[in-house]
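*Asks:* Okay, handing you the structure first.
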Number of protein chains: 2
Amino acid sequence: MAGAPDRPRIEFWFDFASTYSYPAAMRVADVAAMQDVEIAWRPFLLGPIFGDLGWLTSPFNLQPAKGAYMWRDLARICAELKLPFMRPDPFPQNGLAAARVATSLPDDGKRAAFGCAVYRAEFGEGATISDNDVLVGILESLGQDPTRVLAEASGQAVKDALRQTTDQAREAGIFGAPTWRTEDGEIFWGNDRLEDAIRWAQQAR
Amino acid sequence: MAGAPDRPRIEFWFDFASTYSYPAAMRVADVAAMQDVEIAWRPFLLGPIFGDLGWLTSPFNLQPAKGAYMWRDLARICAELKLPFMRPDPFPQNGLAAARVATSLPDDGKRAAFGCAVYRAEFGEGATISDNDVLVGILESLGQDPTRVLAEASGQAVKDALRQTTDQAREAGIFGAPTWRTEDGEIFWGNDRLEDAIRWAQQAR
């Protein structure tokens with residue numbers, strides 16, 4: 001059934017500052033392959049959506065107890081998945097440049113590969129993903145031409161596309177990341193809800 | 001192995017205004033029994049912990065998109081678990097009186113039975129759990145003497161015990177409900193993390 005045109009399609013809405021999007025990004029391809037589900041990678045920005053609430057930083061910084069829990073929980077989850085983990089400093093990272101690159105790349109595997117590489121650099125190695133050199137290194141490691149990709153990513157068309165995706169997220173009721181969205185518009189929030197989204201998508205067909 | 005004195009013990013920290021604590025309460029006994037885990041029911045109040053953050057109501061009211069998602073998600077979860085679901089109005093309910101009753105009841109099955117009955121009334125039937133008649137009806141249905149139980153629950157010893165439990169929650173880093181806490185102090189937040197807490201508790205032994 002793999003590759004069948006009629007298999008369910010689930011949107012993976014992610015923000016590069018989002019901590020739980022790291023394990024989500026790293027495991028989604030395998031889970032989706034095992035379940036014959038197609039994943040559409042949708043980079044967006046949580047910052048403007050948090051800004052609607054008057055928040056100027058991550059809720060994990062605004063709620064210290066929740067933040068302390070999240071870092072512990074993320075370490076546990078990464079250990080379980082055998083993923084490297086290093087807490088980035090500062091947190092949250094500015095993911096704007098990376099989100100523009102992700103937006104500019106086609107969603108035919110290149111966007112997913114770039115997304116995973118960014119998350120691994122950020123939360124696996126503690127790299128600063130707003131640093132141009134970091135993005136250049138990631139693009140080079142993926143066999144892309146950094147100069148060409150970064151030029152396109154900083155163009156007006158990509159800026160507009162990312163803004164539009166963020167507006168779509170808001171309209172879809174998305175308030176956090178990762179969020180999984182099925183073809184019938186149901187959303188499931190959180191790394192640990194991927195399997196629920198898949199089950200929903202399979203039952204809806 | 002069931003009933004063995006050395007089986008893992010997991011604390012179930014719940015607040016009666018907490019929506020996701022409803023499915024958690026209704027399913028925890030079966031899940032724990034299947035996994036040979038003992039559950040300790042720990043009623044506490046989230047209100048003072050939210051108050052530390054300056055919040056005067058539920059975060060689901062403070063964040064409308066998150067609130068809309070939560071109600072939809074709760075309905076889906078209840079449908080999956082074949083639990084009745086009715087959204088209480090107003091939300092959040094004032095769970096103080098019910099939390100005092102739960103605190104006063106011994107944790108030998110009576111507290112769990114009362115807890116499940118309160119959650120079912122609140123989120124299954126839309127009842128107002130701060131209403132004394134509702135609590136009387138629940139206690140009667142459980143074969144308890146409402147007058148005696150409610151008198152004890154409104155005594156200073158129970159008030160102090162509930163305040164102490166809430167302080168313990170804060171000290172344990174608990175910031176939401178339901179929260180599962182293992183004997184080695186690990187916490188797992190959310191209905192959907194019960195299985196992770198159980199796995200952790202089993203591996204820790």
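Residues in the structure tokens are numbered from 1 in each chain, the chains being A, B, ... in the order shown, and ligands are numbered from 1 in the order shown.
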Can you tell me, as a list in words, what residues are no more than 9 Å from Val136 in chain B when counting only C-alpha atoms, ignoring any on the same chain fewer than 2 positions away?
*Replies:*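 Selected residues are Asp131, Asn132, Asp133, Val134, Ile138, Leu139, Glu140, Ser141, Asp145, Pro146, Thr147 and Leu150 of chain B.
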*Asks:* For the selection just defined, write its residues with N, CA and C atoms to a file, as a PDB file, in the first residue's frame.
*Replies:*
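Writing the result to part_36.pdb gives the following:
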```pdb
ATOM      1  N   ASP B 131     -22.412  22.531  44.077  1.00  0.00           N
ATOM      2  CA  ASP B 131     -23.767  22.468  44.627  1.00  0.00           C
ATOM      3  C   ASP B 131     -23.813  21.368  45.690  1.00  0.00           C
ATOM      4  N   ASN B 132     -24.210  21.765  46.892  1.00  0.00           N
ATOM      5  CA  ASN B 132     -24.231  20.799  48.001  1.00  0.00           C
ATOM      6  C   ASN B 132     -25.126  19.603  47.693  1.00  0.00           C
ATOM      7  N   ASP B 133     -26.268  19.860  47.025  1.00  0.00           N
ATOM      8  CA  ASP B 133     -27.189  18.766  46.700  1.00  0.00           C
ATOM      9  C   ASP B 133     -26.540  17.741  45.777  1.00  0.00           C
ATOM     10  N   VAL B 134     -25.709  18.221  44.877  1.00  0.00           N
ATOM     11  CA  VAL B 134     -25.017  17.296  43.962  1.00  0.00           C
ATOM     12  C   VAL B 134     -24.078  16.386  44.757  1.00  0.00           C
ATOM     13  N   ILE B 138     -24.289  12.313  45.295  1.00  0.00           N
ATOM     14  CA  ILE B 138     -23.169  11.415  44.978  1.00  0.00           C
ATOM     15  C   ILE B 138     -22.829  10.548  46.187  1.00  0.00           C
ATOM     16  N   LEU B 139     -22.743  11.170  47.346  1.00  0.00           N
ATOM     17  CA  LEU B 139     -22.390  10.404  48.555  1.00  0.00           C
ATOM     18  C   LEU B 139     -23.452   9.355  48.863  1.00  0.00           C
ATOM     19  N   GLU B 140     -24.722   9.733  48.685  1.00  0.00           N
ATOM     20  CA  GLU B 140     -25.800   8.753  48.917  1.00  0.00           C
ATOM     21  C   GLU B 140     -25.682   7.580  47.946  1.00  0.00           C
ATOM     22  N   SER B 141     -25.399   7.912  46.687  1.00  0.00           N
ATOM     23  CA  SER B 141     -25.304   6.845  45.675  1.00  0.00           C
ATOM     24  C   SER B 141     -24.165   5.886  45.992  1.00  0.00           C
ATOM     25  N   ASP B 145     -22.909   8.308  54.354  1.00  0.00           N
ATOM     26  CA  ASP B 145     -23.807   9.204  55.088  1.00  0.00           C
ATOM     27  C   ASP B 145     -23.388  10.637  54.752  1.00  0.00           C
ATOM     28  N   PRO B 146     -24.167  11.327  53.912  1.00  0.00           N
ATOM     29  CA  PRO B 146     -23.742  12.659  53.463  1.00  0.00           C
ATOM     30  C   PRO B 146     -23.524  13.631  54.612  1.00  0.00           C
ATOM     31  N   THR B 147     -24.379  13.612  55.592  1.00  0.00           N
ATOM     32  CA  THR B 147     -24.270  14.573  56.691  1.00  0.00           C
ATOM     33  C   THR B 147     -22.947  14.397  57.430  1.00  0.00           C
ATOM     34  N   LEU B 150     -19.904  15.245  54.938  1.00  0.00           N
ATOM     35  CA  LEU B 150     -19.761  16.672  54.633  1.00  0.00           C
ATOM     36  C   LEU B 150     -19.348  17.462  55.873  1.00  0.00           C
TER      37      LEU B 150
END
```
*Asks:* Could the residues of chain B within 7 Å of chain A, counting only C-alpha atoms, be given as a PDB file with all heavy atoms, in the first residue's frame, please?
*Replies:*
```
ATOM      1  N   ALA B  65      -8.190  29.665  21.729  1.00  0.00           N
ATOM      2  CA  ALA B  65      -7.922  28.614  20.730  1.00  0.00           C
ATOM      3  C   ALA B  65      -7.595  27.298  21.422  1.00  0.00           C
ATOM      4  O   ALA B  65      -8.048  26.226  21.003  1.00  0.00           O
ATOM      5  CB  ALA B  65      -6.772  29.037  19.810  1.00  0.00           C
ATOM      6  N   LYS B  66      -6.821  27.384  22.505  1.00  0.00           N
ATOM      7  CA  LYS B  66      -6.485  26.177  23.257  1.00  0.00           C
ATOM      8  C   LYS B  66      -7.736  25.608  23.918  1.00  0.00           C
ATOM      9  O   LYS B  66      -7.917  24.387  23.977  1.00  0.00           O
ATOM     10  CB  LYS B  66      -5.440  26.522  24.320  1.00  0.00           C
ATOM     11  CG  LYS B  66      -4.792  25.334  24.975  1.00  0.00           C
ATOM     12  CD  LYS B  66      -3.686  25.804  25.911  1.00  0.00           C
ATOM     13  CE  LYS B  66      -2.767  24.681  26.336  1.00  0.00           C
ATOM     14  NZ  LYS B  66      -1.589  25.193  27.051  1.00  0.00           N
ATOM     15  N   GLY B 173       6.703  20.330  41.775  1.00  0.00           N
ATOM     16  CA  GLY B 173       6.797  20.866  40.419  1.00  0.00           C
ATOM     17  C   GLY B 173       5.554  20.625  39.583  1.00  0.00           C
ATOM     18  O   GLY B 173       5.589  20.741  38.361  1.00  0.00           O
ATOM     19  N   PHE B 175       2.159  21.487  37.897  1.00  0.00           N
ATOM     20  CA  PHE B 175       1.624  22.748  37.375  1.00  0.00           C
ATOM     21  C   PHE B 175       0.310  22.542  36.631  1.00  0.00           C
ATOM     22  O   PHE B 175      -0.255  23.490  36.077  1.00  0.00           O
ATOM     23  CB  PHE B 175       2.648  23.394  36.429  1.00  0.00           C
ATOM     24  CG  PHE B 175       3.037  22.466  35.316  1.00  0.00           C
ATOM     25  CD1 PHE B 175       2.335  22.455  34.124  1.00  0.00           C
ATOM     26  CD2 PHE B 175       4.076  21.553  35.497  1.00  0.00           C
ATOM     27  CE1 PHE B 175       2.663  21.565  33.111  1.00  0.00           C
ATOM     28  CE2 PHE B 175       4.405  20.661  34.482  1.00  0.00           C
ATOM     29  CZ  PHE B 175       3.700  20.667  33.300  1.00  0.00           C
TER      30      PHE B 175
END
```
*Asks:* Among chain A, which residues carry a DSSP assignment of alpha helix (DSSP H), reported as a PyMOL selection string?
*Replies:* chain A and resi 21-34+46-52+59-62+64-81+96-104+110-119+132-141+146-153+156-171+194-203
*Asks:* One number please: CA of Asp184 in chain B to CA of Ala201 in chain B, in Å, one decimal.
*Replies:*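 Atom-to-atom, CA of Asp184 in chain B and CA of Ala201 in chain B are spaced 8.1 Å apart.
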*Asks:* Could you give me the residues within range 28-101 of chain B that DSSP places in strand (DSSP E or B), as a VMD selection string?
*Replies:* chain B and resid 38 to 43
*Asks:* Could you turn the residues from that selection into a file that holds N, CA and C atoms, as an mmCIF file, in the first residue's frame?
*Replies:*
```
data_model
loop_
_atom_site.group_PDB
_atom_site.id
_atom_site.type_symbol
_atom_site.label_atom_id
_atom_site.label_comp_id
_atom_site.auth_asym_id
_atom_site.auth_seq_id
_atom_site.Cartn_x
_atom_site.Cartn_y
_atom_site.Cartn_z
ATOM 1 N N GLU B 38 -0.172 0.152 41.563
ATOM 2 C CA GLU B 38 -1.079 0.690 42.580
ATOM 3 C C GLU B 38 -1.213 2.196 42.362
ATOM 4 N N ILE B 39 -2.426 2.709 42.507
ATOM 5 C CA ILE B 39 -2.654 4.138 42.295
ATOM 6 C C ILE B 39 -3.027 4.800 43.618
ATOM 7 N N ALA B 40 -2.333 5.895 43.944
ATOM 8 C CA ALA B 40 -2.678 6.710 45.110
ATOM 9 C C ALA B 40 -3.366 7.976 44.607
ATOM 10 N N TRP B 41 -4.582 8.196 45.049
ATOM 11 C CA TRP B 41 -5.366 9.357 44.586
ATOM 12 C C TRP B 41 -5.008 10.575 45.427
ATOM 13 N N ARG B 42 -4.490 11.614 44.776
ATOM 14 C CA ARG B 42 -4.052 12.803 45.478
ATOM 15 C C ARG B 42 -4.827 14.040 45.025
ATOM 16 N N PRO B 43 -5.926 14.357 45.724
ATOM 17 C CA PRO B 43 -6.677 15.564 45.352
ATOM 18 C C PRO B 43 -5.926 16.822 45.776
#
```
*Asks:* When you look at range 117-123 of chain A with a cut-off of 6 Å (counting only C-alpha atoms), what residues show up, excluding the ones that are within fewer than 4 positions of it in the same chain? I need them as a PyMOL selection string.
*Replies:* chain A and resi 22+85-87+127
*Asks:* Quick one: residues within 12 Å of Ala97 in chain A, only C-alpha atoms counted, chain neighbours fewer than 4 positions away excluded, as a ChimeraX atom specification?
*Replies:* /A:15-17,43-45,93,101-104,118,128-136,149-155,158-159,162
*Asks:* Output the selection as a compact mmCIF listing (two decimals), in the first residue's frame - N, CA, C and O atoms for each residue.
*Replies:*
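Result saved to selection-v3.txt:
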```txt
# COMPACT_ATOMS: atom_id res chain seq x y z
N ASP A 15 7.20 24.51 14.45
CA ASP A 15 7.90 25.79 14.63
C ASP A 15 9.29 25.42 15.13
O ASP A 15 9.42 24.55 16.01
N PHE A 16 10.31 26.06 14.60
CA PHE A 16 11.67 25.62 14.94
C PHE A 16 12.08 25.96 16.37
O PHE A 16 13.09 25.44 16.85
N ALA A 17 11.34 26.81 17.06
CA ALA A 17 11.65 27.06 18.48
C ALA A 17 10.99 26.03 19.37
O ALA A 17 11.28 25.96 20.57
N PRO A 43 5.85 24.38 7.93
CA PRO A 43 6.54 25.29 8.85
C PRO A 43 5.72 26.55 9.06
O PRO A 43 5.18 27.12 8.11
N PHE A 44 5.62 26.97 10.32
CA PHE A 44 4.91 28.22 10.63
C PHE A 44 5.60 28.86 11.83
O PHE A 44 6.55 28.31 12.40
N LEU A 45 5.12 30.03 12.20
CA LEU A 45 5.71 30.76 13.33
C LEU A 45 4.71 30.85 14.47
O LEU A 45 3.61 31.37 14.30
N GLN A 93 15.07 29.74 20.75
CA GLN A 93 15.87 30.19 19.62
C GLN A 93 14.98 30.97 18.64
O GLN A 93 13.77 30.77 18.59
N VAL A 101 13.74 29.14 5.17
CA VAL A 101 14.40 28.12 4.33
C VAL A 101 13.47 26.92 4.15
O VAL A 101 13.28 26.43 3.02
N ALA A 102 12.89 26.47 5.24
CA ALA A 102 12.00 25.31 5.15
C ALA A 102 10.84 25.60 4.20
O ALA A 102 10.43 24.74 3.41
N THR A 103 10.31 26.82 4.29
CA THR A 103 9.21 27.20 3.41
C THR A 103 9.64 27.18 1.95
O THR A 103 8.86 26.78 1.06
N SER A 104 10.88 27.58 1.71
CA SER A 104 11.35 27.69 0.31
C SER A 104 11.67 26.33 -0.31
O SER A 104 11.68 26.21 -1.53
N VAL A 118 17.85 20.78 11.19
CA VAL A 118 17.78 21.96 12.05
C VAL A 118 17.46 21.55 13.49
O VAL A 118 18.10 22.00 14.45
N THR A 128 22.98 27.39 17.60
CA THR A 128 22.14 28.58 17.47
C THR A 128 21.62 28.64 16.03
O THR A 128 22.36 28.97 15.11
N ILE A 129 20.35 28.33 15.87
CA ILE A 129 19.84 28.15 14.50
C ILE A 129 19.54 29.46 13.79
O ILE A 129 19.21 29.45 12.60
N SER A 130 19.66 30.57 14.49
CA SER A 130 19.53 31.87 13.80
C SER A 130 20.87 32.28 13.20
O SER A 130 20.95 33.27 12.46
N ASP A 131 21.91 31.54 13.52
CA ASP A 131 23.27 31.83 13.03
C ASP A 131 23.37 31.38 11.57
O ASP A 131 23.15 30.21 11.24
N ASN A 132 23.72 32.32 10.71
CA ASN A 132 23.79 32.02 9.28
C ASN A 132 24.75 30.86 8.98
O ASN A 132 24.48 30.02 8.13
N ASP A 133 25.87 30.83 9.71
CA ASP A 133 26.85 29.77 9.47
C ASP A 133 26.26 28.39 9.78
O ASP A 133 26.60 27.39 9.12
N VAL A 134 25.42 28.32 10.79
CA VAL A 134 24.79 27.05 11.13
C VAL A 134 23.89 26.59 9.98
O VAL A 134 23.93 25.42 9.56
N LEU A 135 23.11 27.52 9.44
CA LEU A 135 22.22 27.16 8.33
C LEU A 135 23.02 26.79 7.09
O LEU A 135 22.67 25.85 6.37
N VAL A 136 24.11 27.52 6.86
CA VAL A 136 24.98 27.19 5.72
C VAL A 136 25.52 25.77 5.88
O VAL A 136 25.50 24.96 4.93
N VAL A 149 20.04 28.83 -1.93
CA VAL A 149 18.87 28.56 -1.09
C VAL A 149 18.60 29.74 -0.15
O VAL A 149 17.44 30.18 0.00
N LEU A 150 19.65 30.28 0.47
CA LEU A 150 19.44 31.37 1.42
C LEU A 150 18.98 32.64 0.71
O LEU A 150 18.20 33.42 1.27
N ALA A 151 19.42 32.84 -0.52
CA ALA A 151 18.94 34.00 -1.28
C ALA A 151 17.45 33.86 -1.57
O ALA A 151 16.67 34.80 -1.39
N GLU A 152 17.07 32.67 -1.99
CA GLU A 152 15.64 32.48 -2.27
C GLU A 152 14.82 32.61 -1.00
O GLU A 152 13.73 33.19 -1.00
N ALA A 153 15.35 32.06 0.10
CA ALA A 153 14.60 32.05 1.37
C ALA A 153 14.39 33.47 1.92
O ALA A 153 13.46 33.70 2.69
N SER A 154 15.24 34.39 1.52
CA SER A 154 15.09 35.75 2.05
C SER A 154 14.31 36.64 1.08
O SER A 154 14.19 37.84 1.30
N GLY A 155 13.79 36.05 0.02
CA GLY A 155 13.00 36.82 -0.94
C GLY A 155 11.58 37.07 -0.44
O GLY A 155 11.09 36.40 0.47
N VAL A 158 8.88 34.15 -0.39
CA VAL A 158 8.96 33.20 0.72
C VAL A 158 8.47 33.85 2.01
O VAL A 158 7.76 33.22 2.81
N LYS A 159 8.86 35.09 2.22
CA LYS A 159 8.36 35.80 3.41
C LYS A 159 6.83 35.81 3.43
O LYS A 159 6.20 35.54 4.45
N LEU A 162 5.40 32.29 4.19
CA LEU A 162 5.48 31.91 5.61
C LEU A 162 4.43 32.67 6.43
O LEU A 162 3.81 32.10 7.33
```
*Asks:* Quick one: residues within 12 Å of Arg9 in chain A, only C-alpha atoms, excluding same-chain residues fewer than 6 positions away - as a compact mmCIF listing (two decimals) with all heavy atoms, in the first residue's frame?
*Replies:*
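around.txt written:
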```
# COMPACT_ATOMS: atom_id res chain seq x y z
N GLY A 3 2.87 4.31 -0.81
CA GLY A 3 2.93 5.07 -2.04
C GLY A 3 1.60 5.16 -2.76
O GLY A 3 1.48 5.83 -3.76
N ALA A 32 4.98 7.24 10.16
CA ALA A 32 4.09 7.40 9.01
C ALA A 32 4.29 6.28 8.00
O ALA A 32 3.33 5.75 7.42
CB ALA A 32 4.32 8.76 8.35
N ALA A 33 5.55 5.88 7.79
CA ALA A 33 5.83 4.81 6.83
C ALA A 33 5.20 3.50 7.28
O ALA A 33 4.61 2.76 6.48
CB ALA A 33 7.34 4.65 6.66
N GLN A 35 2.61 3.14 9.01
CA GLN A 35 1.15 3.23 9.02
C GLN A 35 0.58 3.61 7.65
O GLN A 35 -0.62 3.88 7.55
CB GLN A 35 0.71 4.26 10.07
CG GLN A 35 1.10 3.91 11.49
CD GLN A 35 0.31 2.74 12.03
OE1 GLN A 35 -0.84 2.54 11.66
NE2 GLN A 35 0.92 1.95 12.90
N ASP A 36 1.45 3.69 6.63
CA ASP A 36 0.99 4.08 5.29
C ASP A 36 0.26 5.41 5.29
O ASP A 36 -0.85 5.54 4.74
CB ASP A 36 0.09 2.99 4.69
CG ASP A 36 0.91 1.82 4.17
OD1 ASP A 36 1.97 2.08 3.57
OD2 ASP A 36 0.50 0.68 4.39
N VAL A 37 0.88 6.37 5.94
CA VAL A 37 0.33 7.72 6.00
C VAL A 37 1.35 8.66 5.38
O VAL A 37 2.55 8.48 5.53
CB VAL A 37 0.06 8.11 7.47
CG1 VAL A 37 -0.22 9.60 7.61
CG2 VAL A 37 -1.09 7.29 8.04
N GLU A 38 0.84 9.66 4.66
CA GLU A 38 1.71 10.66 4.04
C GLU A 38 1.77 11.88 4.96
O GLU A 38 0.75 12.26 5.54
CB GLU A 38 1.11 11.05 2.69
CG GLU A 38 1.99 11.93 1.84
CD GLU A 38 1.25 12.34 0.56
OE1 GLU A 38 0.40 11.55 0.08
OE2 GLU A 38 1.51 13.45 0.07
N ILE A 39 2.96 12.46 5.10
CA ILE A 39 3.12 13.62 5.97
C ILE A 39 3.44 14.86 5.14
O ILE A 39 4.34 14.82 4.29
CB ILE A 39 4.26 13.39 7.00
CG1 ILE A 39 3.96 12.17 7.87
CG2 ILE A 39 4.48 14.64 7.85
CD1 ILE A 39 2.75 12.29 8.77
N ALA A 40 2.69 15.92 5.38
CA ALA A 40 2.98 17.22 4.74
C ALA A 40 3.61 18.12 5.80
O ALA A 40 3.01 18.35 6.86
CB ALA A 40 1.69 17.85 4.22
N TRP A 41 4.81 18.58 5.53
CA TRP A 41 5.54 19.41 6.50
C TRP A 41 5.12 20.87 6.35
O TRP A 41 5.30 21.46 5.29
CB TRP A 41 7.05 19.25 6.29
CG TRP A 41 7.60 17.95 6.81
CD1 TRP A 41 7.25 16.69 6.40
CD2 TRP A 41 8.58 17.77 7.83
NE1 TRP A 41 7.95 15.75 7.11
CE2 TRP A 41 8.78 16.38 7.99
CE3 TRP A 41 9.32 18.65 8.64
CZ2 TRP A 41 9.69 15.85 8.91
CZ3 TRP A 41 10.22 18.12 9.55
CH2 TRP A 41 10.39 16.74 9.68
N TRP A 180 -0.73 18.13 14.64
CA TRP A 180 -1.06 17.24 13.53
C TRP A 180 -2.46 17.58 13.05
O TRP A 180 -3.37 17.72 13.87
CB TRP A 180 -1.01 15.77 13.99
CG TRP A 180 0.19 15.48 14.83
CD1 TRP A 180 0.23 15.42 16.20
CD2 TRP A 180 1.54 15.28 14.39
NE1 TRP A 180 1.51 15.18 16.63
CE2 TRP A 180 2.34 15.09 15.53
CE3 TRP A 180 2.14 15.24 13.13
CZ2 TRP A 180 3.72 14.85 15.46
CZ3 TRP A 180 3.50 15.01 13.06
CH2 TRP A 180 4.27 14.82 14.21
N ARG A 181 -2.65 17.69 11.73
CA ARG A 181 -3.97 18.07 11.21
C ARG A 181 -4.35 17.08 10.11
O ARG A 181 -3.58 16.83 9.18
CB ARG A 181 -3.93 19.50 10.65
CG ARG A 181 -5.28 20.05 10.24
CD ARG A 181 -5.18 21.56 10.08
NE ARG A 181 -6.45 22.14 9.70
CZ ARG A 181 -6.83 22.35 8.43
NH1 ARG A 181 -6.03 22.03 7.42
NH2 ARG A 181 -8.01 22.87 8.17
N THR A 182 -5.53 16.53 10.26
CA THR A 182 -5.99 15.53 9.30
C THR A 182 -6.73 16.22 8.15
O THR A 182 -7.06 17.40 8.22
CB THR A 182 -6.93 14.51 9.98
OG1 THR A 182 -8.03 15.22 10.56
CG2 THR A 182 -6.19 13.74 11.08
N GLU A 183 -7.04 15.45 7.12
CA GLU A 183 -7.67 16.05 5.93
C GLU A 183 -9.06 16.59 6.23
O GLU A 183 -9.54 17.49 5.53
CB GLU A 183 -7.74 14.99 4.81
CG GLU A 183 -6.36 14.73 4.20
CD GLU A 183 -6.33 13.47 3.35
OE1 GLU A 183 -6.32 12.35 3.91
OE2 GLU A 183 -6.32 13.61 2.12
N ASP A 184 -9.73 16.07 7.24
CA ASP A 184 -11.05 16.59 7.60
C ASP A 184 -10.97 17.70 8.64
O ASP A 184 -11.99 18.09 9.22
CB ASP A 184 -11.98 15.46 8.08
CG ASP A 184 -11.42 14.68 9.26
OD1 ASP A 184 -10.24 14.91 9.62
OD2 ASP A 184 -12.15 13.86 9.84
N GLY A 185 -9.77 18.23 8.86
CA GLY A 185 -9.63 19.44 9.69
C GLY A 185 -9.49 19.20 11.18
O GLY A 185 -9.43 20.16 11.95
N ALA A 197 -3.70 11.02 15.81
CA ALA A 197 -4.03 11.66 14.53
C ALA A 197 -4.07 10.62 13.41
O ALA A 197 -4.96 10.65 12.55
CB ALA A 197 -3.03 12.76 14.22
N ILE A 198 -3.12 9.71 13.43
CA ILE A 198 -3.08 8.68 12.39
C ILE A 198 -4.31 7.79 12.49
O ILE A 198 -4.96 7.48 11.48
CB ILE A 198 -1.78 7.85 12.50
CG1 ILE A 198 -0.58 8.71 12.10
CG2 ILE A 198 -1.86 6.58 11.65
CD1 ILE A 198 0.77 8.04 12.28
N ARG A 199 -4.65 7.40 13.71
CA ARG A 199 -5.83 6.54 13.88
C ARG A 199 -7.09 7.26 13.39
O ARG A 199 -7.94 6.68 12.72
CB ARG A 199 -5.96 6.12 15.36
CG ARG A 199 -6.83 4.92 15.56
CD ARG A 199 -6.61 4.26 16.92
NE ARG A 199 -6.76 5.19 18.02
CZ ARG A 199 -5.83 5.42 18.94
NH1 ARG A 199 -4.69 4.78 18.89
NH2 ARG A 199 -6.06 6.28 19.91
N TRP A 200 -7.17 8.55 13.72
CA TRP A 200 -8.32 9.34 13.27
C TRP A 200 -8.38 9.37 11.73
O TRP A 200 -9.44 9.16 11.13
CB TRP A 200 -8.24 10.76 13.82
CG TRP A 200 -9.44 11.57 13.49
CD1 TRP A 200 -9.68 12.26 12.31
CD2 TRP A 200 -10.60 11.75 14.28
NE1 TRP A 200 -10.89 12.87 12.36
CE2 TRP A 200 -11.48 12.57 13.55
CE3 TRP A 200 -10.98 11.30 15.56
CZ2 TRP A 200 -12.74 12.96 14.05
CZ3 TRP A 200 -12.23 11.70 16.05
CH2 TRP A 200 -13.08 12.50 15.31
N ALA A 201 -7.23 9.63 11.12
CA ALA A 201 -7.18 9.73 9.66
C ALA A 201 -7.56 8.41 9.01
O ALA A 201 -8.24 8.38 7.98
CB ALA A 201 -5.79 10.17 9.22
N GLN A 202 -7.13 7.31 9.62
CA GLN A 202 -7.44 5.99 9.04
C GLN A 202 -8.92 5.66 9.19
O GLN A 202 -9.53 5.08 8.30
CB GLN A 202 -6.57 4.93 9.70
CG GLN A 202 -5.10 5.02 9.27
CD GLN A 202 -4.17 4.18 10.13
OE1 GLN A 202 -4.48 3.87 11.27
NE2 GLN A 202 -3.01 3.86 9.58
N ALA A 204 -11.34 7.80 9.34
CA ALA A 204 -12.17 8.75 8.59
C ALA A 204 -12.32 8.33 7.13
O ALA A 204 -13.13 8.90 6.40
CB ALA A 204 -11.56 10.16 8.67
N ARG A 205 -11.55 7.32 6.71
CA ARG A 205 -11.58 6.95 5.29
C ARG A 205 -12.50 5.77 5.01
O ARG A 205 -12.87 5.03 5.87
CB ARG A 205 -10.16 6.61 4.83
CG ARG A 205 -9.28 7.85 4.83
CD ARG A 205 -7.89 7.52 4.41
NE ARG A 205 -7.74 7.49 2.98
CZ ARG A 205 -7.42 8.52 2.23
NH1 ARG A 205 -7.26 9.70 2.78
NH2 ARG A 205 -7.29 8.42 0.94
```
*Asks:* One number please: CA of Asp30 in chain B to CA of Asp6 in chain B, in Å, one decimal.
*Replies:*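 Rounded to one decimal, the two atoms are 18.9 Å apart.
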*Asks:* Record the distance separating CA of Gln203 in chain A and CA of Ala79 in chain B, expressed in Å with one decimal.
*Replies:* 13.5 Å
*Asks:* Kindly indicate which residue among B:Gly137, B:Gly47, B:Gly54, B:Gly190 lies nearest to Gly95 in chain B, using only C-alpha atoms for the distances.
*Replies:*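 Among the listed residues, B:Gly47 lies closest to Gly95 in chain B.
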